[in-house]
>>> print(open('entry-v2.txt').read())   # compact mmCIF, C-alpha atoms and all ligand atoms
# COMPACT_ATOMS: atom_id res chain seq x y z
CA MET A 1 104.46 -36.17 15.88
CA ILE A 2 100.83 -35.10 15.97
CA VAL A 3 98.74 -34.05 12.96
CA VAL A 4 95.89 -31.68 13.83
CA THR A 5 93.06 -31.37 11.29
CA GLY A 6 90.65 -28.44 11.55
CA ALA A 7 93.72 -26.61 12.84
CA THR A 8 92.40 -23.12 12.10
CA GLY A 9 89.00 -23.72 13.75
CA ASN A 10 87.62 -22.89 17.18
CA VAL A 11 89.06 -26.07 18.70
CA GLY A 12 92.03 -26.67 16.40
CA ARG A 13 93.63 -23.30 16.95
CA PRO A 14 93.94 -23.52 20.77
CA LEU A 15 94.79 -27.21 20.39
CA VAL A 16 97.83 -26.45 18.22
CA GLN A 17 98.90 -23.88 20.84
CA SER A 18 98.44 -26.34 23.69
CA LEU A 19 100.35 -29.16 21.98
CA THR A 20 103.30 -26.99 20.94
CA GLY A 21 103.33 -25.47 24.44
CA ALA A 22 103.69 -29.04 25.77
CA GLY A 23 106.69 -29.55 23.49
CA GLU A 24 105.00 -31.69 20.82
CA GLU A 25 105.90 -31.60 17.15
CA VAL A 26 102.72 -30.57 15.31
CA ARG A 27 101.51 -30.37 11.70
CA ALA A 28 98.45 -28.23 11.04
CA VAL A 29 95.82 -29.10 8.40
CA SER A 30 92.95 -27.10 6.91
CA ARG A 31 91.98 -26.16 3.37
CA ARG A 32 92.84 -22.46 3.65
CA SER A 33 96.03 -21.02 5.08
CA PRO A 34 95.63 -19.49 8.53
CA GLU A 35 95.06 -15.71 8.60
CA TYR A 36 97.39 -15.47 11.62
CA GLY A 37 100.78 -16.85 12.54
CA LEU A 38 101.06 -20.43 13.73
CA PRO A 39 103.35 -21.20 16.68
CA GLU A 40 107.00 -21.42 15.73
CA GLY A 41 107.93 -24.71 14.09
CA VAL A 42 104.36 -25.64 13.09
CA ARG A 43 103.93 -26.16 9.36
CA HIS A 44 100.54 -25.71 7.71
CA PHE A 45 99.33 -28.17 5.05
CA PRO A 46 96.44 -27.04 2.80
CA VAL A 47 94.53 -30.33 2.47
CA ASP A 48 90.85 -31.11 1.80
CA LEU A 49 89.86 -34.09 3.97
CA ALA A 50 87.27 -35.02 1.33
CA ASP A 51 90.28 -36.43 -0.56
CA ALA A 52 91.73 -38.87 1.99
CA GLU A 53 94.81 -39.65 -0.12
CA SER A 54 95.89 -36.00 -0.04
CA LEU A 55 96.39 -36.40 3.71
CA ARG A 56 98.92 -39.23 3.26
CA PRO A 57 102.07 -37.08 2.78
CA VAL A 58 101.12 -35.02 5.86
CA LEU A 59 100.86 -38.17 7.95
CA GLU A 60 104.35 -39.38 7.03
CA GLY A 61 106.19 -39.83 10.34
CA ALA A 62 103.09 -39.06 12.47
CA ASP A 63 101.90 -41.47 15.14
CA THR A 64 98.89 -39.48 16.37
CA LEU A 65 95.99 -37.71 14.63
CA PHE A 66 93.33 -35.25 15.79
CA LEU A 67 90.43 -35.84 13.44
CA CYS A 68 87.96 -32.98 13.06
CA PRO A 69 85.29 -33.72 10.46
CA SER A 70 83.65 -30.45 9.44
CA GLY A 71 81.47 -28.73 6.83
CA GLU A 72 80.41 -30.93 3.89
CA LEU A 73 82.34 -33.84 5.42
CA LEU A 74 79.50 -33.98 7.99
CA VAL A 75 77.01 -34.63 5.20
CA SER A 76 78.29 -36.39 2.11
CA ALA A 77 81.81 -35.32 1.11
CA GLY A 78 84.70 -37.76 1.53
CA SER A 79 84.57 -41.07 3.39
CA PRO A 80 85.16 -41.85 7.07
CA GLU A 81 86.45 -45.30 6.12
CA ALA A 82 88.93 -43.93 3.56
CA LEU A 83 90.26 -41.36 6.02
CA VAL A 84 90.78 -43.90 8.80
CA LYS A 85 92.33 -46.45 6.41
CA THR A 86 94.71 -43.81 5.04
CA ALA A 87 95.75 -42.87 8.55
CA GLN A 88 96.30 -46.48 9.62
CA SER A 89 98.26 -47.40 6.51
CA ALA A 90 100.41 -44.27 6.97
CA GLY A 91 101.39 -45.54 10.43
CA VAL A 92 99.06 -43.56 12.71
CA GLU A 93 98.56 -45.49 15.95
CA ARG A 94 96.28 -43.20 17.87
CA ILE A 95 93.30 -41.01 16.83
CA VAL A 96 91.26 -38.53 18.87
CA LEU A 97 87.96 -37.80 17.11
CA LEU A 98 86.01 -34.56 17.54
CA SER A 99 82.46 -35.92 17.34
CA SER A 100 79.32 -34.46 18.96
CA GLN A 101 77.10 -35.24 21.92
CA ALA A 102 74.21 -35.46 19.44
CA SER A 103 75.76 -38.51 17.77
CA GLN A 104 74.52 -40.31 20.89
CA THR A 105 71.48 -38.21 21.95
CA ARG A 106 69.98 -38.03 18.42
CA PRO A 107 70.53 -41.57 17.09
CA GLN A 108 68.07 -41.08 14.20
CA ALA A 109 69.17 -37.57 13.19
CA MET A 110 70.48 -37.13 9.63
CA SER A 111 72.53 -34.18 10.91
CA HIS A 112 74.76 -36.46 12.98
CA ALA A 113 74.73 -39.66 10.89
CA ARG A 114 78.20 -38.95 9.50
CA LEU A 115 79.71 -38.46 12.97
CA ARG A 116 78.18 -41.76 14.09
CA GLU A 117 79.80 -43.31 11.03
CA PHE A 118 83.20 -41.81 11.96
CA GLU A 119 82.82 -43.18 15.51
CA ASN A 120 81.82 -46.66 14.28
CA VAL A 121 84.59 -46.87 11.68
CA LEU A 122 87.17 -45.88 14.29
CA ILE A 123 85.88 -48.35 16.88
CA GLY A 124 85.92 -51.12 14.27
CA SER A 125 89.38 -50.19 12.97
CA GLY A 126 91.35 -51.40 15.98
CA VAL A 127 93.28 -48.11 16.14
CA SER A 128 93.68 -46.67 19.64
CA THR A 129 90.81 -44.15 19.83
CA THR A 130 89.39 -41.48 22.12
CA ILE A 131 86.03 -39.96 21.17
CA LEU A 132 85.11 -36.42 22.24
CA ARG A 133 81.39 -35.64 22.24
CA PRO A 134 80.93 -31.94 22.98
CA GLY A 135 77.58 -30.19 23.25
CA GLY A 136 77.06 -26.75 21.70
CA PHE A 137 80.11 -24.46 21.53
CA ALA A 138 80.18 -21.02 23.18
CA SER A 139 81.87 -19.87 19.96
CA ASN A 140 78.62 -20.43 18.03
CA THR A 141 77.61 -17.08 19.52
CA TYR A 142 80.22 -15.31 17.36
CA ALA A 143 77.11 -15.23 15.13
CA TYR A 144 75.95 -12.31 17.30
CA VAL A 145 79.02 -10.18 16.52
CA PRO A 146 77.73 -8.12 13.54
CA THR A 147 74.52 -6.92 15.25
CA VAL A 148 76.16 -6.44 18.64
CA LYS A 149 78.64 -4.14 16.90
CA SER A 150 76.11 -2.32 14.72
CA ASP A 151 72.99 -2.14 16.97
CA ARG A 152 73.95 -3.42 20.44
CA THR A 153 71.38 -6.19 19.79
CA VAL A 154 71.45 -10.00 19.89
CA PHE A 155 69.07 -11.85 17.55
CA ALA A 156 68.59 -15.55 18.34
CA PRO A 157 65.88 -18.24 18.41
CA PHE A 158 64.60 -20.01 21.55
CA GLY A 159 65.57 -17.10 23.82
CA ASP A 160 64.84 -18.83 27.10
CA VAL A 161 66.11 -22.35 26.40
CA GLY A 162 69.37 -22.80 28.29
CA LEU A 163 72.09 -25.30 27.32
CA PRO A 164 75.47 -25.97 29.01
CA LEU A 165 77.59 -24.47 26.20
CA ILE A 166 81.24 -25.47 26.23
CA ASP A 167 84.23 -23.21 25.73
CA PRO A 168 86.21 -24.59 22.73
CA ALA A 169 89.38 -23.90 24.75
CA ASP A 170 88.25 -26.64 27.17
CA ILE A 171 87.63 -29.08 24.30
CA ALA A 172 91.13 -28.27 23.02
CA GLU A 173 92.66 -28.92 26.47
CA VAL A 174 90.88 -32.27 26.79
CA ALA A 175 92.00 -33.18 23.25
CA SER A 176 95.55 -32.15 24.06
CA VAL A 177 95.63 -34.45 27.09
CA ALA A 178 94.00 -37.34 25.21
CA LEU A 179 96.44 -37.00 22.28
CA ARG A 180 99.48 -37.09 24.56
CA ASP A 181 98.36 -39.68 27.11
CA SER A 182 97.41 -43.11 25.78
CA SER A 183 95.66 -44.02 29.05
CA HIS A 184 92.64 -42.19 27.54
CA ALA A 185 92.42 -44.79 24.74
CA GLY A 186 89.03 -46.48 24.51
CA ASN A 187 87.31 -43.65 26.38
CA THR A 188 84.44 -41.44 25.21
CA TYR A 189 84.02 -38.05 26.87
CA VAL A 190 80.86 -35.91 26.85
CA LEU A 191 82.05 -32.30 27.10
CA THR A 192 79.83 -29.48 28.39
CA GLY A 193 80.21 -26.21 30.22
CA PRO A 194 79.52 -25.89 33.97
CA ALA A 195 75.94 -24.52 33.75
CA ARG A 196 73.07 -23.93 31.34
CA ILE A 197 72.85 -20.53 29.69
CA SER A 198 70.00 -19.28 27.48
CA PRO A 199 70.47 -16.95 24.50
CA ARG A 200 68.90 -14.11 26.53
CA GLU A 201 71.45 -14.74 29.31
CA GLN A 202 74.25 -14.96 26.72
CA ALA A 203 73.32 -11.45 25.54
CA ALA A 204 73.52 -10.22 29.14
CA ALA A 205 76.93 -11.89 29.62
CA ILE A 206 78.34 -10.34 26.43
CA GLY A 207 76.92 -6.95 27.48
CA GLU A 208 78.62 -7.33 30.86
CA ALA A 209 81.90 -8.27 29.16
CA ILE A 210 81.91 -5.22 26.87
CA GLY A 211 80.34 -2.80 29.35
CA ALA A 212 77.18 -2.15 27.33
CA GLU A 213 73.52 -3.00 27.69
CA LEU A 214 72.40 -5.25 24.83
CA LYS A 215 68.85 -5.70 23.52
CA PHE A 216 67.62 -9.24 22.89
CA VAL A 217 65.29 -10.04 19.97
CA GLU A 218 63.92 -13.56 19.59
CA LEU A 219 63.96 -14.99 16.05
CA THR A 220 61.55 -17.60 14.73
CA ARG A 221 63.05 -20.98 13.80
CA GLU A 222 62.59 -20.12 10.10
CA GLN A 223 64.42 -16.81 10.47
CA ALA A 224 67.29 -18.50 12.30
CA LEU A 225 67.50 -21.26 9.67
CA GLY A 226 67.90 -18.66 6.93
CA THR A 227 70.98 -17.22 8.64
CA MET A 228 72.48 -20.60 9.57
CA LEU A 229 72.32 -21.85 5.98
CA GLU A 230 74.96 -19.24 5.11
CA PHE A 231 77.42 -21.17 7.33
CA MET A 232 76.42 -24.84 7.36
CA PRO A 233 74.75 -27.59 5.30
CA GLU A 234 70.95 -27.79 5.70
CA PRO A 235 70.75 -31.12 7.61
CA VAL A 236 73.30 -29.83 10.12
CA ALA A 237 71.40 -26.53 10.54
CA GLU A 238 68.07 -28.35 11.05
CA GLY A 239 69.66 -30.76 13.55
CA THR A 240 71.24 -27.87 15.45
CA LEU A 241 67.89 -26.05 15.65
CA ASP A 242 66.25 -29.22 17.01
CA ILE A 243 68.80 -29.25 19.83
CA LEU A 244 68.52 -25.51 20.51
CA GLY A 245 64.70 -25.60 20.61
CA THR A 246 63.86 -28.97 22.14
CA PRO A 247 66.91 -30.34 23.96
CA THR A 248 66.75 -33.83 25.45
CA ASP A 249 67.40 -34.39 29.17
CA GLU A 250 70.96 -35.54 28.35
CA GLU A 251 71.60 -32.39 26.30
CA LEU A 252 70.43 -30.25 29.23
CA ALA A 253 72.69 -32.04 31.73
CA VAL A 254 76.12 -30.82 32.85
CA SER A 255 78.76 -33.51 32.24
CA PRO A 256 81.55 -34.21 34.77
CA ASP A 257 84.02 -35.24 32.02
CA VAL A 258 85.99 -31.98 31.53
CA GLU A 259 86.74 -31.92 35.25
CA LYS A 260 87.52 -35.65 35.23
CA VAL A 261 90.18 -35.21 32.52
CA LEU A 262 91.58 -31.77 33.40
CA GLY A 263 91.17 -31.78 37.18
CA ARG A 264 89.45 -28.39 37.05
CA ALA A 265 85.95 -27.13 36.27
CA PRO A 266 85.17 -26.08 32.69
CA PHE A 267 85.11 -22.34 31.89
CA SER A 268 81.74 -20.60 32.19
CA TYR A 269 80.07 -18.80 29.29
CA ALA A 270 80.75 -15.50 31.10
CA GLU A 271 84.49 -16.33 31.17
CA TRP A 272 84.40 -17.15 27.45
CA ALA A 273 82.59 -13.85 26.73
CA LYS A 274 85.14 -11.90 28.78
CA ARG A 275 88.13 -13.53 27.03
CA ASN A 276 86.52 -12.88 23.63
CA SER A 277 85.05 -9.44 24.41
CA PHE A 278 87.42 -7.73 21.94
CA VAL A 279 85.54 -9.45 19.08
CA PHE A 280 82.22 -7.88 20.14
CA GLN A 281 83.51 -4.34 20.80
N1 LIG B 1 79.82 -25.87 16.86
C1 LIG B 1 79.19 -26.69 17.68
O1 LIG B 1 78.31 -26.33 18.46
C2 LIG B 1 79.59 -28.15 17.68
C3 LIG B 1 78.98 -29.01 18.61
C4 LIG B 1 79.37 -30.35 18.64
C5 LIG B 1 80.32 -30.81 17.74
N2 LIG B 1 80.89 -29.96 16.84
C6 LIG B 1 81.89 -30.49 15.91
O2 LIG B 1 83.06 -29.70 15.95
C7 LIG B 1 83.52 -29.48 14.62
C8 LIG B 1 84.36 -28.22 14.56
O3 LIG B 1 83.51 -27.15 14.89
P1 LIG B 1 84.08 -25.71 14.88
O4 LIG B 1 83.01 -24.81 15.31
O5 LIG B 1 85.41 -25.73 15.56
O6 LIG B 1 84.31 -25.46 13.32
P2 LIG B 1 85.28 -24.41 12.73
O7 LIG B 1 85.76 -23.46 13.73
O8 LIG B 1 84.54 -23.89 11.52
O9 LIG B 1 86.52 -25.30 12.26
C9 LIG B 1 86.48 -26.16 11.19
C10 LIG B 1 87.94 -26.43 10.79
O10 LIG B 1 87.96 -27.49 9.84
C11 LIG B 1 88.55 -27.02 8.62
N3 LIG B 1 87.85 -27.71 7.53
C12 LIG B 1 86.54 -27.60 7.20
N4 LIG B 1 86.26 -28.41 6.15
C13 LIG B 1 87.43 -29.03 5.84
C14 LIG B 1 87.80 -29.98 4.84
N5 LIG B 1 86.92 -30.45 3.94
N6 LIG B 1 89.09 -30.40 4.79
C15 LIG B 1 90.02 -29.93 5.67
N7 LIG B 1 89.72 -29.05 6.65
C16 LIG B 1 88.44 -28.60 6.72
C17 LIG B 1 88.36 -25.50 8.64
O11 LIG B 1 89.30 -24.81 7.84
P3 LIG B 1 89.04 -24.60 6.25
O12 LIG B 1 87.62 -24.15 6.11
O13 LIG B 1 90.06 -23.60 5.84
O14 LIG B 1 89.30 -25.94 5.64
C18 LIG B 1 88.61 -25.24 10.13
O15 LIG B 1 89.99 -25.28 10.41
C19 LIG B 1 82.23 -29.43 13.79
O16 LIG B 1 82.49 -29.71 12.45
C20 LIG B 1 81.37 -30.47 14.46
O17 LIG B 1 81.59 -31.73 13.88
C21 LIG B 1 80.55 -28.64 16.80
>>> encode(input="entry-v2.txt", output="structure tokens")
Amino acid sequence: MIVVTGATGNVGRPLVQSLTGAGEEVRAVSRRSPEYGLPEGVRHFPVDLADAESLRPVLEGADTLFLCPSGELLVSAGSPEALVKTAQSAGVERIVLLSSQASQTRPQAMSHARLREFENVLIGSGVSTTILRPGGFASNTYAYVPTVKSDRTVFAPFGDVGLPLIDPADIAEVASVALRDSSHAGNTYVLTGPARISPREQAAAIGEAIGAELKFVELTREQALGTMLEFMPEPVAEGTLDILGTPTDEELAVSPDVEKVLGRAPFSYAEWAKRNSFVFQ
């Protein structure tokens, strides 16, 4: 049985679908109940990962865990060590961690210190581990939805800096394979999309997907920070803006790992925009 944390998020939701589609027994964890139906047979557990012990009853009978640290857990809430110890003592034998590419590319960054800690605790724990290090998610551009709907306009910083954004559906597929196939134990995968795309090009792709011409307005870093602080802790927002504005060579590069694991190329941003066009209409 597989426990999926972050089960209502951009990765967790398609992951639960993928695992149940493959015939796995799944338990879904997040603090709030999902606003939509889960696949038949999947039970939801409202648990805050900041309190590791509250995860214990959910883990009863589980051998595998998808660990998705998120929100305040990326800064100061909870404890990576307590979570991993709880999982091990509950009988979990295999953990797939959703980390970030920046845990490796930004070794000094406060924004990713917690994810480095999760990686190190897992590696030191002896539990069979696969680490997923995605770059920026295509779903971050849901942030454009309100102004695309109201004014047919995309507001974003660093308009011409392109990054190989990854479709969360691809992360979920890689996670699904790694959770079910122990031959991925010990591996770390860097997950990116197939090509770089700048915010200005993202606006064009969304416009194409919804059949409308969108305006693009470049924000200053300070303006963008103001909006991001509504959704994420400050160190994470600052770290994200560093990546968006001044990516390293590794962050600009397209990784072969999605194709290596799935045997197919990752989805493009345009494909993501098309599949999610209903949200922007
Ligand atoms: N977005 C990116 O560009 C990016 C890039 C690299 C890595 N990542 C990593 O991927 C993770 C997931 O990103 P995402 O965009 O998929 O986030 P998301 O869609 O907001 O999903 C977060 C999930 O975690 C749950 N959650 C949050 N805090 C929790 C807590 N304390 N206890 C239990 N569940 C909690 C949320 O549900 P509730 O709020 O109801 O609990 C939700 O199900 C990030 O946290 C980050 O570490 C993201």
>>> residues_around(input="entry-v2.txt", residues="Gly193 in chain A", least_positions_apart="4", cutoff="8 Å", atoms="only C-alpha atoms", output="list in words")
Pro164, Leu165, Ile166, Asp167, Val254, Ser255, Pro266, Phe267, Ser268 and Tyr269 of chain A
>>> closest_residue(input="entry-v2.txt", among="A:Arg94, A:His112, A:Arg221, A:Arg180", to="ligand LIG 1 (chain B)", atoms="all atoms listed in the file")
A:His112
>>> residues_near_ligand(input="entry-v2.txt", ligand="ligand LIG 1 (chain B)", cutoff="6 Å", atoms="all atoms listed in the file", output="list of chain:residue names")
A:Gly6, A:Ala7, A:Thr8, A:Gly9, A:Asn10, A:Val11, A:Ser30, A:Arg31, A:Arg32, A:Val47, A:Asp48, A:Leu49, A:Ala50, A:Cys68, A:Pro69, A:Ser70, A:Gly71, A:Leu73, A:Leu98, A:Ser99, A:Ser100, A:Pro134, A:Gly135, A:Gly136, A:Phe137, A:Asn140
>>> residues_around(input="entry-v2.txt", residues="Gly186 in chain A", least_positions_apart="3", cutoff="7 Å", atoms="only C-alpha atoms", output="JSON, numbers by chain")
{"A": [128, 129, 130]}
>>> closest_residue(input="entry-v2.txt", among="A:Val16, A:Leu83, A:Leu115, A:Ala143", to="Ala224 in chain A", atoms="all atoms listed in the file")
A:Ala143
>>> atom_distance(input="entry-v2.txt", atom1="CA of Pro39 in chain A", atom2="CA of His184 in chain A")
25.9 Å
>>> residues_around(input="entry-v2.txt", residues="range 198-210 of chain A", least_positions_apart="3", cutoff="6 Å", atoms="all atoms listed in the file", output="ChimeraX atom specification")
/A:159-162,213-214,270,273-274,277
>>> closest_residue(input="entry-v2.txt", among="A:Ser33, A:Ser111, A:Thr248, A:Ser54", to="Ser76 in chain A", atoms="all atoms listed in the file")
A:Ser111
>>> residues_around(input="entry-v2.txt", residues="Thr153 in chain A", least_positions_apart="3", cutoff="8 Å", atoms="only C-alpha atoms", output="PyMOL selection string")
chain A and resi 147-148+150+214-217
>>> closest_residue(input="entry-v2.txt", among="A:Leu241, A:Tyr142, A:Ala195, A:Pro80", to="Arg116 in chain A", atoms="only C-alpha atoms")
A:Pro80
>>> residues_near_point(input="entry-v2.txt", point="(106.2, -39.1, 11.9)", cutoff="10 Å", atoms="all atoms listed in the file", output="list in words")
Met1, Ile2, Val3, Glu25, Val26, Arg27, Val58, Leu59, Glu60, Gly61, Ala62, Asp63, Thr64, Ala90, Gly91 and Val92 of chain A
>>> atom_distance(input="entry-v2.txt", atom1="CA of Leu225 in chain A", atom2="CA of Arg133 in chain A")
23.6 Å
>>> closest_residue(input="entry-v2.txt", among="A:Gly226, A:Trp272, A:Glu250, A:Val258", to="Arg106 in chain A", atoms="only C-alpha atoms")
A:Glu250
>>> atom_distance(input="entry-v2.txt", atom1="CA of Ser79 in chain A", atom2="CA of Glu53 in chain A")
10.9 Å
>>> residues_around(input="entry-v2.txt", residues="Val127 in chain A", least_positions_apart="2", cutoff="10 Å", atoms="only C-alpha atoms", output="ChimeraX atom specification")
/A:84-85,87-88,92-95,121-125,129-130,185-186
>>> residues_near_point(input="entry-v2.txt", point="(100.1, -33.3, 21.6)", cutoff="7 Å", atoms="all atoms listed in the file", output="PDB file with C-alpha atoms, in the coordinates of the input")
ATOM      1  CA  ILE A   2     100.830 -35.100  15.970  1.00  0.00           C
ATOM      2  CA  LEU A  19     100.350 -29.160  21.980  1.00  0.00           C
ATOM      3  CA  ALA A  22     103.690 -29.040  25.770  1.00  0.00           C
ATOM      4  CA  GLU A  24     105.000 -31.690  20.820  1.00  0.00           C
ATOM      5  CA  SER A 176      95.550 -32.150  24.060  1.00  0.00           C
ATOM      6  CA  LEU A 179      96.440 -37.000  22.280  1.00  0.00           C
ATOM      7  CA  ARG A 180      99.480 -37.090  24.560  1.00  0.00           C
TER       8      ARG A 180
END
>>> closest_residue(input="entry-v2.txt", among="A:Gly21, A:Gly239, A:Pro233, A:Pro194", to="Pro256 in chain A", atoms="all atoms listed in the file")
A:Pro194
